[in-house]
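Student: The following file, query-v3.pdb, comprises PDB, C-alpha atoms:
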ATOM      1  CA  MET A 260    -163.796 -43.930  -6.307
ATOM      2  CA  ARG A 261    -162.547 -46.391  -8.839
ATOM      3  CA  LYS A 262    -162.537 -44.340 -12.030
ATOM      4  CA  GLU A 263    -162.643 -40.727 -13.090
ATOM      5  CA  GLU A 264    -166.146 -39.349 -13.542
ATOM      6  CA  PRO A 265    -167.320 -35.780 -14.252
ATOM      7  CA  LEU A 266    -168.053 -34.028 -10.984
ATOM      8  CA  SER A 267    -170.982 -31.821 -10.070
ATOM      9  CA  GLY A 268    -170.558 -28.985  -7.571
ATOM     10  CA  GLU A 269    -172.480 -30.932  -4.930
ATOM     11  CA  GLN A 270    -170.337 -34.026  -5.451
ATOM     12  CA  SER A 271    -167.167 -31.960  -5.099
ATOM     13  CA  MET A 272    -168.423 -30.458  -1.846
ATOM     14  CA  GLN A 273    -169.400 -33.904  -0.598
ATOM     15  CA  ILE A 274    -165.907 -35.291  -1.327
ATOM     16  CA  ILE A 275    -164.276 -32.347   0.443
ATOM     17  CA  HIS A 276    -166.489 -32.758   3.520
ATOM     18  CA  GLN A 277    -166.046 -36.525   3.589
ATOM     19  CA  MET A 278    -162.233 -36.430   3.300
ATOM     20  CA  ILE A 279    -161.787 -33.603   5.799
ATOM     21  CA  SER A 280    -163.846 -35.504   8.369
ATOM     22  CA  GLN A 281    -161.805 -38.671   7.642
ATOM     23  CA  ALA A 282    -158.592 -36.758   8.392
ATOM     24  CA  LYS A 283    -160.007 -34.965  11.419
ATOM     25  CA  ASN A 284    -160.133 -37.865  13.850
ATOM     26  CA  ASN A 285    -156.605 -39.188  13.522
ATOM     27  CA  TYR A 286    -155.163 -38.213  16.858
ATOM     28  CA  SER A 287    -155.790 -41.072  19.253
ATOM     29  CA  GLU A 288    -154.488 -42.490  22.530
ATOM     30  CA  ASN A 289    -154.328 -46.188  23.344
ATOM     31  CA  GLY A 290    -154.615 -45.463  27.080
ATOM     32  CA  VAL A 291    -151.612 -47.608  28.143
ATOM     33  CA  SER A 292    -149.415 -44.717  29.276
ATOM     34  CA  TRP A 293    -152.304 -43.112  31.185
ATOM     35  CA  LEU A 294    -153.056 -46.377  32.957
ATOM     36  CA  LEU A 295    -149.429 -47.245  33.741
ATOM     37  CA  TRP A 296    -148.577 -43.762  34.978
ATOM     38  CA  GLY A 297    -151.805 -43.666  37.013
ATOM     39  CA  ILE A 298    -151.101 -47.013  38.705
ATOM     40  CA  LEU A 299    -147.553 -45.896  39.633
ATOM     41  CA  LEU A 300    -148.805 -42.616  41.096
ATOM     42  CA  PHE A 301    -151.654 -44.378  42.908
ATOM     43  CA  LEU A 302    -149.330 -46.967  44.485
ATOM     44  CA  ALA A 303    -146.793 -44.299  45.482
ATOM     45  CA  SER A 304    -149.377 -42.073  47.169
ATOM     46  CA  MET A 305    -151.116 -44.985  48.902
ATOM     47  CA  SER A 306    -147.752 -46.315  50.133
ATOM     48  CA  THR A 307    -146.992 -42.953  51.756
ATOM     49  CA  TYR A 308    -150.453 -42.925  53.366
ATOM     50  CA  ILE A 309    -149.813 -46.404  54.825
ATOM     51  CA  PHE A 310    -146.213 -45.555  55.872
ATOM     52  CA  ILE A 311    -147.459 -42.465  57.756
ATOM     53  CA  ASP A 312    -150.152 -44.563  59.392
ATOM     54  CA  ILE A 313    -147.727 -47.260  60.563
ATOM     55  CA  LYS A 314    -145.150 -44.578  61.490
ATOM     56  CA  ALA A 315    -142.471 -45.889  59.133
ATOM     57  CA  SER A 316    -139.091 -44.142  59.084
ATOM     58  CA  ASP A 317    -139.029 -43.414  55.324
ATOM     59  CA  ILE A 318    -142.529 -42.344  54.336
ATOM     60  CA  PHE A 319    -141.449 -41.342  50.806
ATOM     61  CA  MET A 320    -139.927 -44.719  49.868
ATOM     62  CA  GLY A 321    -142.822 -45.382  47.452
ATOM     63  CA  TRP A 322    -142.120 -42.093  45.666
ATOM     64  CA  ASN A 323    -138.421 -42.957  45.319
ATOM     65  CA  ILE A 324    -139.347 -46.263  43.666
ATOM     66  CA  PHE A 325    -141.874 -44.358  41.537
ATOM     67  CA  GLY A 326    -139.119 -41.941  40.457
ATOM     68  CA  VAL A 327    -136.815 -44.777  39.347
ATOM     69  CA  ALA A 328    -139.681 -46.579  37.545
ATOM     70  CA  SER A 329    -140.687 -43.343  35.792
ATOM     71  CA  ILE A 330    -137.132 -42.700  34.572
ATOM     72  CA  ILE A 331    -136.892 -46.290  33.245
ATOM     73  CA  LEU A 332    -140.252 -45.944  31.455
ATOM     74  CA  LEU A 333    -139.298 -42.545  30.044
ATOM     75  CA  LEU A 334    -135.954 -43.860  28.757
ATOM     76  CA  TYR A 335    -137.720 -46.877  27.241
ATOM     77  CA  ARG A 336    -140.141 -44.546  25.464
ATOM     78  CA  VAL A 337    -137.352 -42.297  24.187
ATOM     79  CA  PHE A 338    -135.079 -45.104  22.951
ATOM     80  CA  SER A 339    -137.609 -47.709  21.805
ATOM     81  CA  LYS A 340    -138.408 -47.928  18.090
ATOM     82  CA  PRO A 341    -141.386 -45.666  17.369
ATOM     83  CA  LEU A 342    -144.534 -47.334  16.075
ATOM     84  CA  LYS A 343    -144.964 -47.077  12.341
ATOM     85  CA  LYS A 344    -147.493 -44.308  11.798
ATOM     86  CA  GLN A 345    -149.385 -43.987   8.566
ATOM     87  CA  VAL A 346    -150.185 -40.388   9.130
ATOM     88  CA  LYS A 347    -148.738 -37.380  10.917
ATOM     89  CA  THR A 348    -150.983 -34.572  12.021
ATOM     90  CA  TYR A 349    -150.262 -31.075  13.305
ATOM     91  CA  VAL A 350    -152.021 -32.146  16.519
ATOM     92  CA  ASP A 351    -149.334 -34.874  16.975
ATOM     93  CA  ASP A 352    -146.623 -32.196  16.894
ATOM     94  CA  LEU A 353    -148.547 -29.972  19.266
ATOM     95  CA  MET A 354    -149.105 -32.820  21.734
ATOM     96  CA  LYS A 355    -145.379 -33.628  21.742
ATOM     97  CA  MET A 356    -144.722 -30.034  22.782
ATOM     98  CA  VAL A 357    -147.409 -30.274  25.468
ATOM     99  CA  ASP A 358    -145.796 -33.500  26.792
ATOM    100  CA  LEU A 359    -142.383 -31.857  26.805
ATOM    101  CA  GLY A 360    -143.707 -28.827  28.681
ATOM    102  CA  PHE A 361    -145.496 -31.073  31.166
ATOM    103  CA  ILE A 362    -142.368 -33.169  31.867
ATOM    104  CA  ALA A 363    -140.233 -30.025  32.316
ATOM    105  CA  CYS A 364    -142.697 -28.412  34.754
ATOM    106  CA  MET A 365    -143.169 -31.658  36.670
ATOM    107  CA  GLY A 366    -139.401 -32.140  36.923
ATOM    108  CA  ILE A 367    -138.980 -28.662  38.398
ATOM    109  CA  VAL A 368    -141.758 -29.257  40.950
ATOM    110  CA  ILE A 369    -140.263 -32.640  41.976
ATOM    111  CA  LEU A 370    -136.822 -31.032  42.302
ATOM    112  CA  ALA A 371    -138.313 -28.209  44.371
ATOM    113  CA  ILE A 372    -139.868 -30.748  46.773
ATOM    114  CA  ASN A 373    -136.606 -32.719  47.037
ATOM    115  CA  ILE A 374    -134.414 -29.681  47.819
ATOM    116  CA  ASN A 375    -137.067 -28.376  50.255
ATOM    117  CA  ALA A 376    -137.643 -25.244  48.191
ATOM    118  CA  VAL A 377    -141.382 -25.928  48.565
ATOM    119  CA  SER A 378    -143.213 -28.050  51.115
ATOM    120  CA  PRO A 379    -144.441 -31.487  49.969
ATOM    121  CA  ARG A 380    -148.016 -30.220  50.444
ATOM    122  CA  ALA A 381    -147.449 -27.269  48.065
ATOM    123  CA  GLY A 382    -145.520 -29.538  45.685
ATOM    124  CA  PHE A 383    -148.362 -32.062  45.406
ATOM    125  CA  CYS A 384    -150.821 -29.205  44.955
ATOM    126  CA  PHE A 385    -148.729 -27.966  41.975
ATOM    127  CA  LEU A 386    -148.485 -31.509  40.624
ATOM    128  CA  LEU A 387    -152.258 -32.049  40.654
ATOM    129  CA  MET A 388    -152.708 -28.705  38.893
ATOM    130  CA  LEU A 389    -150.210 -29.810  36.240
ATOM    131  CA  PHE A 390    -151.898 -33.206  35.854
ATOM    132  CA  ALA A 391    -155.225 -31.440  35.375
ATOM    133  CA  PHE A 392    -153.697 -29.134  32.762
ATOM    134  CA  LEU A 393    -152.439 -32.116  30.745
ATOM    135  CA  MET A 394    -155.764 -33.935  31.098
ATOM    136  CA  ILE A 395    -157.870 -30.998  29.919
ATOM    137  CA  ILE A 396    -155.664 -30.455  26.823
ATOM    138  CA  LYS A 397    -155.437 -34.129  25.845
ATOM    139  CA  GLY A 398    -159.072 -34.727  26.761
ATOM    140  CA  GLY A 399    -160.030 -31.900  24.417
ATOM    141  CA  ALA A 400    -157.774 -33.199  21.628
ATOM    142  CA  ILE A 401    -159.176 -36.729  21.711
ATOM    143  CA  ARG A 402    -162.666 -35.741  22.829
ATOM    144  CA  SER A 403    -162.419 -37.801  26.008
ATOM    145  CA  ARG A 404    -165.043 -36.765  28.519
ATOM    146  CA  SER A 405    -163.420 -38.983  31.198
ATOM    147  CA  LEU A 406    -160.103 -37.070  30.911
ATOM    148  CA  GLN A 407    -161.918 -33.745  31.097
ATOM    149  CA  VAL A 408    -163.801 -34.896  34.197
ATOM    150  CA  GLY A 409    -160.446 -36.125  35.563
ATOM    151  CA  ALA A 410    -158.999 -32.645  35.036
ATOM    152  CA  VAL A 411    -161.783 -31.033  37.062
ATOM    153  CA  VAL A 412    -161.327 -33.618  39.842
ATOM    154  CA  ASN A 413    -157.564 -32.950  39.897
ATOM    155  CA  TRP A 414    -158.109 -29.183  40.166
ATOM    156  CA  LEU A 415    -160.565 -29.796  43.003
ATOM    157  CA  GLY A 416    -157.988 -32.127  44.545
ATOM    158  CA  ALA A 417    -155.368 -29.360  44.337
ATOM    159  CA  LEU A 418    -157.745 -27.073  46.210
ATOM    160  CA  GLY A 419    -158.508 -29.836  48.711
ATOM    161  CA  ILE A 420    -154.793 -30.311  49.444
ATOM    162  CA  LEU A 421    -154.655 -26.716  50.679
ATOM    163  CA  LEU A 422    -157.496 -27.363  53.110
ATOM    164  CA  VAL A 423    -156.893 -30.777  54.720
ATOM    165  CA  PRO A 424    -155.104 -30.773  58.079
ATOM    166  CA  GLU A 425    -152.819 -33.829  57.796
ATOM    167  CA  PHE A 426    -150.274 -34.774  55.133
ATOM    168  CA  LYS A 427    -151.556 -38.355  54.981
ATOM    169  CA  HIS A 428    -154.879 -36.934  53.760
ATOM    170  CA  VAL A 429    -152.959 -35.117  51.028
ATOM    171  CA  MET A 430    -151.805 -38.542  49.839
ATOM    172  CA  LEU A 431    -155.385 -39.858  49.887
ATOM    173  CA  ILE A 432    -156.470 -36.896  47.742
ATOM    174  CA  VAL A 433    -153.601 -37.547  45.287
ATOM    175  CA  ALA A 434    -154.577 -41.237  45.092
ATOM    176  CA  ALA A 435    -158.232 -40.377  44.446
ATOM    177  CA  ALA A 436    -157.278 -37.739  41.875
ATOM    178  CA  VAL A 437    -155.005 -40.059  39.883
ATOM    179  CA  LEU A 438    -157.591 -42.830  40.064
ATOM    180  CA  THR A 439    -160.167 -40.502  38.506
ATOM    181  CA  GLY A 440    -157.817 -38.648  36.170
ATOM    182  CA  TYR A 441    -155.462 -41.382  34.966
ATOM    183  CA  ILE A 442    -156.576 -44.910  35.804
ATOM    184  CA  ILE A 443    -160.280 -44.720  34.893
ATOM    185  CA  PRO A 444    -159.702 -42.696  31.671
ATOM    186  CA  GLY A 445    -156.791 -45.053  30.859
ATOM    187  CA  ILE A 446    -159.067 -48.108  31.062
ATOM    188  CA  LEU A 447    -161.789 -46.368  29.027
ATOM    189  CA  LEU A 448    -159.277 -45.224  26.375
ATOM    190  CA  MET A 449    -157.835 -48.745  26.122
ATOM    191  CA  ARG A 450    -161.309 -50.192  25.598
ATOM    192  CA  LYS A 451    -162.147 -47.566  22.982
ATOM    193  CA  TYR A 452    -158.835 -48.104  21.193
ATOM    194  CA  LYS A 453    -159.352 -51.870  21.100
ATOM    195  CA  THR A 454    -162.887 -51.457  19.754
ATOM    196  CA  THR A 455    -161.933 -48.977  17.035
ATOM    197  CA  ASN A 456    -158.781 -50.911  15.993
ATOM    198  CA  LYS A 457    -160.314 -54.406  15.851
TER     199      LYS A 457
ATOM    200  CA  MET B 921    -171.709 -12.648 -10.196
ATOM    201  CA  GLU B 922    -168.310 -13.479 -11.752
ATOM    202  CA  PHE B 923    -167.805 -17.164 -12.474
ATOM    203  CA  LYS B 924    -164.395 -18.462 -11.525
ATOM    204  CA  GLU B 925    -163.117 -21.399 -13.516
ATOM    205  CA  LEU B 926    -162.595 -24.602 -11.544
ATOM    206  CA  ASP B 927    -158.997 -25.810 -11.435
ATOM    207  CA  PRO B 928    -158.927 -28.844 -13.808
ATOM    208  CA  ILE B 929    -156.194 -30.509 -11.734
ATOM    209  CA  LEU B 930    -158.397 -30.517  -8.644
ATOM    210  CA  HIS B 931    -161.713 -31.012 -10.430
ATOM    211  CA  SER B 932    -161.349 -34.764 -10.482
ATOM    212  CA  GLN B 933    -162.899 -37.139  -7.977
ATOM    213  CA  LEU B 934    -159.751 -38.843  -6.749
ATOM    214  CA  ARG B 935    -157.359 -35.889  -6.936
ATOM    215  CA  LEU B 936    -159.843 -33.732  -5.033
ATOM    216  CA  ALA B 937    -160.214 -36.472  -2.413
ATOM    217  CA  VAL B 938    -156.425 -36.715  -1.997
ATOM    218  CA  ILE B 939    -155.986 -32.955  -1.611
ATOM    219  CA  SER B 940    -158.984 -32.682   0.756
ATOM    220  CA  LEU B 941    -157.499 -35.446   2.887
ATOM    221  CA  LEU B 942    -154.012 -33.908   2.960
ATOM    222  CA  ILE B 943    -155.247 -30.399   3.718
ATOM    223  CA  GLY B 944    -155.830 -31.291   7.383
ATOM    224  CA  LEU B 945    -152.742 -33.472   7.846
ATOM    225  CA  LYS B 946    -149.022 -32.831   8.078
ATOM    226  CA  GLU B 947    -148.252 -35.862   5.927
ATOM    227  CA  ALA B 948    -149.810 -39.193   5.098
ATOM    228  CA  GLU B 949    -148.591 -42.511   3.794
ATOM    229  CA  PHE B 950    -149.749 -43.803   0.399
ATOM    230  CA  THR B 951    -151.529 -46.778   2.007
ATOM    231  CA  PHE B 952    -153.456 -44.463   4.345
ATOM    232  CA  ILE B 953    -154.657 -42.361   1.388
ATOM    233  CA  LYS B 954    -155.541 -45.526  -0.521
ATOM    234  CA  GLU B 955    -157.566 -46.822   2.418
ATOM    235  CA  LYS B 956    -159.431 -43.540   2.979
ATOM    236  CA  THR B 957    -160.219 -42.885  -0.686
ATOM    237  CA  ASN B 958    -161.035 -46.521  -1.574
ATOM    238  CA  ALA B 959    -158.926 -46.113  -4.708
ATOM    239  CA  THR B 960    -156.859 -48.789  -6.441
ATOM    240  CA  ALA B 961    -153.095 -48.509  -5.998
ATOM    241  CA  GLY B 962    -152.525 -47.988  -9.719
ATOM    242  CA  ASN B 963    -155.114 -45.250 -10.144
ATOM    243  CA  LEU B 964    -154.020 -43.506  -6.954
ATOM    244  CA  SER B 965    -150.416 -43.618  -8.049
ATOM    245  CA  VAL B 966    -151.295 -41.959 -11.373
ATOM    246  CA  GLN B 967    -153.361 -39.215  -9.701
ATOM    247  CA  ILE B 968    -150.698 -38.580  -7.049
ATOM    248  CA  ASN B 969    -148.124 -38.121  -9.821
ATOM    249  CA  LYS B 970    -150.390 -35.572 -11.530
ATOM    250  CA  LEU B 971    -150.704 -33.615  -8.262
ATOM    251  CA  LYS B 972    -146.958 -33.879  -7.773
ATOM    252  CA  ASP B 973    -146.261 -32.627 -11.311
ATOM    253  CA  ALA B 974    -148.478 -29.611 -10.579
ATOM    254  CA  ASP B 975    -146.429 -28.989  -7.387
ATOM    255  CA  TYR B 976    -149.598 -29.380  -5.311
ATOM    256  CA  ILE B 977    -148.079 -32.148  -3.211
ATOM    257  CA  GLU B 978    -144.629 -33.377  -2.240
ATOM    258  CA  VAL B 979    -143.914 -37.084  -2.401
ATOM    259  CA  THR B 980    -141.106 -38.618  -0.377
ATOM    260  CA  LYS B 981    -140.058 -42.213  -0.875
ATOM    261  CA  GLN B 982    -138.117 -43.872   1.922
ATOM    262  CA  PHE B 983    -137.487 -47.241   3.510
ATOM    263  CA  LYS B 984    -138.789 -48.005   6.975
ATOM    264  CA  ASP B 985    -138.137 -51.435   8.556
ATOM    265  CA  ASN B 986    -137.051 -52.688   5.101
ATOM    266  CA  TYR B 987    -140.398 -51.718   3.579
ATOM    267  CA  PRO B 988    -140.827 -48.903   1.059
ATOM    268  CA  GLN B 989    -142.853 -46.042   2.416
ATOM    269  CA  THR B 990    -144.308 -43.263   0.273
ATOM    270  CA  MET B 991    -145.233 -40.152   2.211
ATOM    271  CA  CYS B 992    -147.299 -37.337   0.722
ATOM    272  CA  ARG B 993    -147.740 -33.804   1.990
ATOM    273  CA  ILE B 994    -149.534 -30.809   0.569
ATOM    274  CA  THR B 995    -147.408 -27.847  -0.545
ATOM    275  CA  PRO B 996    -148.220 -24.134  -0.019
ATOM    276  CA  LYS B 997    -149.111 -24.025  -3.747
ATOM    277  CA  GLY B 998    -151.495 -26.931  -3.178
ATOM    278  CA  ILE B 999    -153.115 -25.191  -0.200
ATOM    279  CA  ASP B1000    -153.572 -22.041  -2.274
ATOM    280  CA  ALA B1001    -155.051 -24.023  -5.181
ATOM    281  CA  PHE B1002    -157.439 -25.849  -2.831
ATOM    282  CA  GLU B1003    -158.640 -22.588  -1.267
ATOM    283  CA  LYS B1004    -159.211 -21.062  -4.711
ATOM    284  CA  TYR B1005    -161.020 -24.224  -5.838
ATOM    285  CA  VAL B1006    -163.388 -24.075  -2.847
ATOM    286  CA  GLN B1007    -164.072 -20.365  -3.478
ATOM    287  CA  ALA B1008    -164.741 -21.038  -7.167
ATOM    288  CA  LEU B1009    -166.973 -23.968  -6.257
ATOM    289  CA  GLN B1010    -168.974 -21.821  -3.851
ATOM    290  CA  SER B1011    -169.492 -19.105  -6.461
ATOM    291  CA  TYR B1012    -170.427 -21.749  -9.058
ATOM    292  CA  MET B1013    -172.960 -23.279  -6.677
ATOM    293  CA  ASN B1014    -174.433 -19.844  -5.913
ATOM    294  CA  ILE B1015    -174.930 -19.212  -9.641
ATOM    295  CA  THR B1016    -176.592 -22.570 -10.269
ATOM    296  CA  LYS B1017    -178.965 -22.226  -7.259
TER     297      LYS B1017
END
In structure tokens, write the structure found in this file.

Tutor:
Amino acid sequence: MRKEEPLSGEQSMQIIHQMISQAKNNYSENGVSWLLWGILLFLASMSTYIFIDIKASDIFMGWNIFGVASIILLLYRVFSKPLKKQVKTYVDDLMKMVDLGFIACMGIVILAININAVSPRAGFCFLLMLFAFLMIIKGGAIRSRSLQVGAVVNWLGALGILLVPEFKHVMLIVAAAVLTGYIIPGILLMRKYKTTNK
Amino acid sequence: MEFKELDPILHSQLRLAVISLLIGLKEAEFTFIKEKTNATAGNLSVQINKLKDADYIEVTKQFKDNYPQTMCRITPKGIDAFEKYVQALQSYMNITK
């Protein structure tokens, strides 16, 4: 496209198609936040499983540490200088709203667990449902099959939480769900991002 | 079938590429458009000014991290012109088939 040339109808259509498809795939994820968040959730749930098993006095200590780490990471994300973006899409705006909605709902569920408004079992069931909701939306936006599979696993995990007899098994389900829904997709997204941004 | 005249502002290789790129985006930086259209900076700058003069796009110049940044976004008039161009193109292609 170096100089102006007379255009035929077919050429015009070709340019339109080519440029629209170039603009279409601009929403991407580097996978870091999925991986980091997944590891934190995995460690917290596994710590509770172990603490229940060894009959520790504070079985939720891992979740308290997770809470502090999450707040620090969230504040870092809010106050750190945003990466210079060459392009802004309507999907970017929509995803910010989805993130905001997710954080608000998750905050309410965590508060509900902490003030004993809902049992931890019900709370974790809600959380897995919320995780799945985020995964299915983002997975659809970035065409990530692993996130979509993760969403289904998290919904199944939410159902499983209602059926298992002991709370320590709830924690095992949460760990397995975040491994499938956050950690594995996070690694795959990181690899894809590195390959496409070489 | 009635033949609709093609908008001369859009009926140019580079200007059409710029508008087609911006139609699906909220806004894009000059360098992004340059990269996607494979145009030279000088030529792109000229064509962007023509689209701006026609009120088809808005151009915002700002500084980010001490570097100049030129952001472009399509206007409602530009969207309307693009839609009419595509309709006219379709009718033109139907006639020539």

Student: Starting from chain B, keep only residues with some atom at most 8 Å from an atom of chain A, counting all atoms listed in the file, and report them as a ChimeraX atom specification.

Tutor: /B:931-934,936-938,940-949,951-952,956-960,963,1009,1012-1013

Student: Tell me which residues the PyMOL selection byres ((chain B and resi 990-1002) around 7) grabs here, as a list of chain:residue names.

Tutor: B:Leu942, B:Ile943, B:Lys946, B:Glu947, B:Ala948, B:Glu949, B:Phe950, B:Asp975, B:Tyr976, B:Ile977, B:Glu978, B:Val979, B:Thr980, B:Lys981, B:Gln982, B:Pro988, B:Gln989, B:Glu1003, B:Lys1004, B:Tyr1005, B:Val1006

Student: Compare A:Arg380, A:Arg404, A:Lys427, A:Arg450 by their minimum atom-to-atom distance to A:Ser304, counting only C-alpha atoms, and give me the closest one.

Tutor: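 Of A:Arg380, A:Arg404, A:Lys427, A:Arg450, the one nearest A:Ser304 is A:Lys427, counting only C-alpha atoms.
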
Student: Calculate how many Å separate atom CA of A:Leu422 from atom CA of A:Val377, rounding to one decimal.

Tutor: 16.8 Å

Student: Could you pull out every residue with an atom within 12 Å of (-141.0, -47.0, 45.0), file coordinates, counting all atoms listed in the file, and send them as a PyMOL selection string?

Tutor: chain A and resi 298-307+317-330

Student: Given the file shown, enumerate the residues that the PyMOL selection byres ((chain A and resi 383-392) around 8) captures and present them as a ChimeraX atom specification.

Tutor: /A:361,364-365,368,379-382,393-396,409-414,416-418,420-421,429,433,436,440

Student: For atom CA of A:Lys397 and atom CA of A:Ser378, quote the distance in Å rounded to one decimal.

Tutor: 28.7 Å

Student: Do you have the atom CA of A:Gly366-atom CA of A:Trp293 distance handy?

Tutor: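 Distance between the two atoms: 17.9 Å.
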
Student: For the PyMOL selection byres ((chain A and resi 290) around 9), applied here, can you spell out every residue it catches as a PyMOL selection string?

Tutor: chain A and resi 288-289+291-295+441-442+444-452

Student: Kindly export the residues of the current selection with C-alpha atoms, as a PDB file, in the coordinates of the input.

Tutor:
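Final output, selection.pdb:
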ATOM      1  CA  GLU A 288    -154.488 -42.490  22.530  1.00  0.00           C
ATOM      2  CA  ASN A 289    -154.328 -46.188  23.344  1.00  0.00           C
ATOM      3  CA  VAL A 291    -151.612 -47.608  28.143  1.00  0.00           C
ATOM      4  CA  SER A 292    -149.415 -44.717  29.276  1.00  0.00           C
ATOM      5  CA  TRP A 293    -152.304 -43.112  31.185  1.00  0.00           C
ATOM      6  CA  LEU A 294    -153.056 -46.377  32.957  1.00  0.00           C
ATOM      7  CA  LEU A 295    -149.429 -47.245  33.741  1.00  0.00           C
ATOM      8  CA  TYR A 441    -155.462 -41.382  34.966  1.00  0.00           C
ATOM      9  CA  ILE A 442    -156.576 -44.910  35.804  1.00  0.00           C
ATOM     10  CA  PRO A 444    -159.702 -42.696  31.671  1.00  0.00           C
ATOM     11  CA  GLY A 445    -156.791 -45.053  30.859  1.00  0.00           C
ATOM     12  CA  ILE A 446    -159.067 -48.108  31.062  1.00  0.00           C
ATOM     13  CA  LEU A 447    -161.789 -46.368  29.027  1.00  0.00           C
ATOM     14  CA  LEU A 448    -159.277 -45.224  26.375  1.00  0.00           C
ATOM     15  CA  MET A 449    -157.835 -48.745  26.122  1.00  0.00           C
ATOM     16  CA  ARG A 450    -161.309 -50.192  25.598  1.00  0.00           C
ATOM     17  CA  LYS A 451    -162.147 -47.566  22.982  1.00  0.00           C
ATOM     18  CA  TYR A 452    -158.835 -48.104  21.193  1.00  0.00           C
TER      19      TYR A 452
END

Student: Where atoms are absent from stretch 403-408 of chain A, fill them in so it carries all heavy atoms, then output it as a PDB file, keeping the file's coordinate frame.

Tutor:
ATOM      1  N   SER A 403    -162.175 -36.827  24.943  1.00  0.00           N
ATOM      2  CA  SER A 403    -162.419 -37.801  26.008  1.00  0.00           C
ATOM      3  C   SER A 403    -163.054 -37.084  27.196  1.00  0.00           C
ATOM      4  O   SER A 403    -162.408 -36.293  27.872  1.00  0.00           O
ATOM      5  CB  SER A 403    -161.098 -38.453  26.430  1.00  0.00           C
ATOM      6  OG  SER A 403    -161.234 -39.068  27.682  1.00  0.00           O
ATOM      7  N   ARG A 404    -164.322 -37.387  27.417  1.00  0.00           N
ATOM      8  CA  ARG A 404    -165.043 -36.765  28.519  1.00  0.00           C
ATOM      9  C   ARG A 404    -164.418 -37.195  29.862  1.00  0.00           C
ATOM     10  O   ARG A 404    -164.332 -36.408  30.792  1.00  0.00           O
ATOM     11  CB  ARG A 404    -166.536 -37.156  28.447  1.00  0.00           C
ATOM     12  CG  ARG A 404    -167.449 -36.505  29.476  1.00  0.00           C
ATOM     13  CD  ARG A 404    -167.352 -35.001  29.501  1.00  0.00           C
ATOM     14  NE  ARG A 404    -167.814 -34.399  28.263  1.00  0.00           N
ATOM     15  CZ  ARG A 404    -169.020 -33.874  28.079  1.00  0.00           C
ATOM     16  NH1 ARG A 404    -169.885 -33.869  29.061  1.00  0.00           N
ATOM     17  NH2 ARG A 404    -169.362 -33.323  26.935  1.00  0.00           N
ATOM     18  N   SER A 405    -163.962 -38.473  29.933  1.00  0.00           N
ATOM     19  CA  SER A 405    -163.420 -38.983  31.198  1.00  0.00           C
ATOM     20  C   SER A 405    -162.154 -38.204  31.590  1.00  0.00           C
ATOM     21  O   SER A 405    -161.936 -37.912  32.766  1.00  0.00           O
ATOM     22  CB  SER A 405    -163.136 -40.478  31.106  1.00  0.00           C
ATOM     23  OG  SER A 405    -162.192 -40.742  30.100  1.00  0.00           O
ATOM     24  N   LEU A 406    -161.314 -37.851  30.600  1.00  0.00           N
ATOM     25  CA  LEU A 406    -160.103 -37.070  30.911  1.00  0.00           C
ATOM     26  C   LEU A 406    -160.473 -35.662  31.354  1.00  0.00           C
ATOM     27  O   LEU A 406    -159.833 -35.085  32.243  1.00  0.00           O
ATOM     28  CB  LEU A 406    -159.180 -37.001  29.688  1.00  0.00           C
ATOM     29  CG  LEU A 406    -158.215 -38.163  29.493  1.00  0.00           C
ATOM     30  CD1 LEU A 406    -157.420 -37.983  28.207  1.00  0.00           C
ATOM     31  CD2 LEU A 406    -157.249 -38.300  30.663  1.00  0.00           C
ATOM     32  N   GLN A 407    -161.500 -35.103  30.724  1.00  0.00           N
ATOM     33  CA  GLN A 407    -161.918 -33.745  31.097  1.00  0.00           C
ATOM     34  C   GLN A 407    -162.505 -33.734  32.513  1.00  0.00           C
ATOM     35  O   GLN A 407    -162.227 -32.815  33.286  1.00  0.00           O
ATOM     36  CB  GLN A 407    -162.915 -33.201  30.071  1.00  0.00           C
ATOM     37  CG  GLN A 407    -162.218 -32.899  28.744  1.00  0.00           C
ATOM     38  CD  GLN A 407    -163.168 -32.620  27.600  1.00  0.00           C
ATOM     39  OE1 GLN A 407    -164.261 -33.161  27.537  1.00  0.00           O
ATOM     40  NE2 GLN A 407    -162.745 -31.769  26.682  1.00  0.00           N
ATOM     41  N   VAL A 408    -163.273 -34.778  32.829  1.00  0.00           N
ATOM     42  CA  VAL A 408    -163.801 -34.896  34.197  1.00  0.00           C
ATOM     43  C   VAL A 408    -162.629 -35.071  35.161  1.00  0.00           C
ATOM     44  O   VAL A 408    -162.577 -34.461  36.236  1.00  0.00           O
ATOM     45  CB  VAL A 408    -164.802 -36.088  34.300  1.00  0.00           C
ATOM     46  CG1 VAL A 408    -165.173 -36.390  35.735  1.00  0.00           C
ATOM     47  CG2 VAL A 408    -166.047 -35.811  33.472  1.00  0.00           C
TER      48      VAL A 408
END
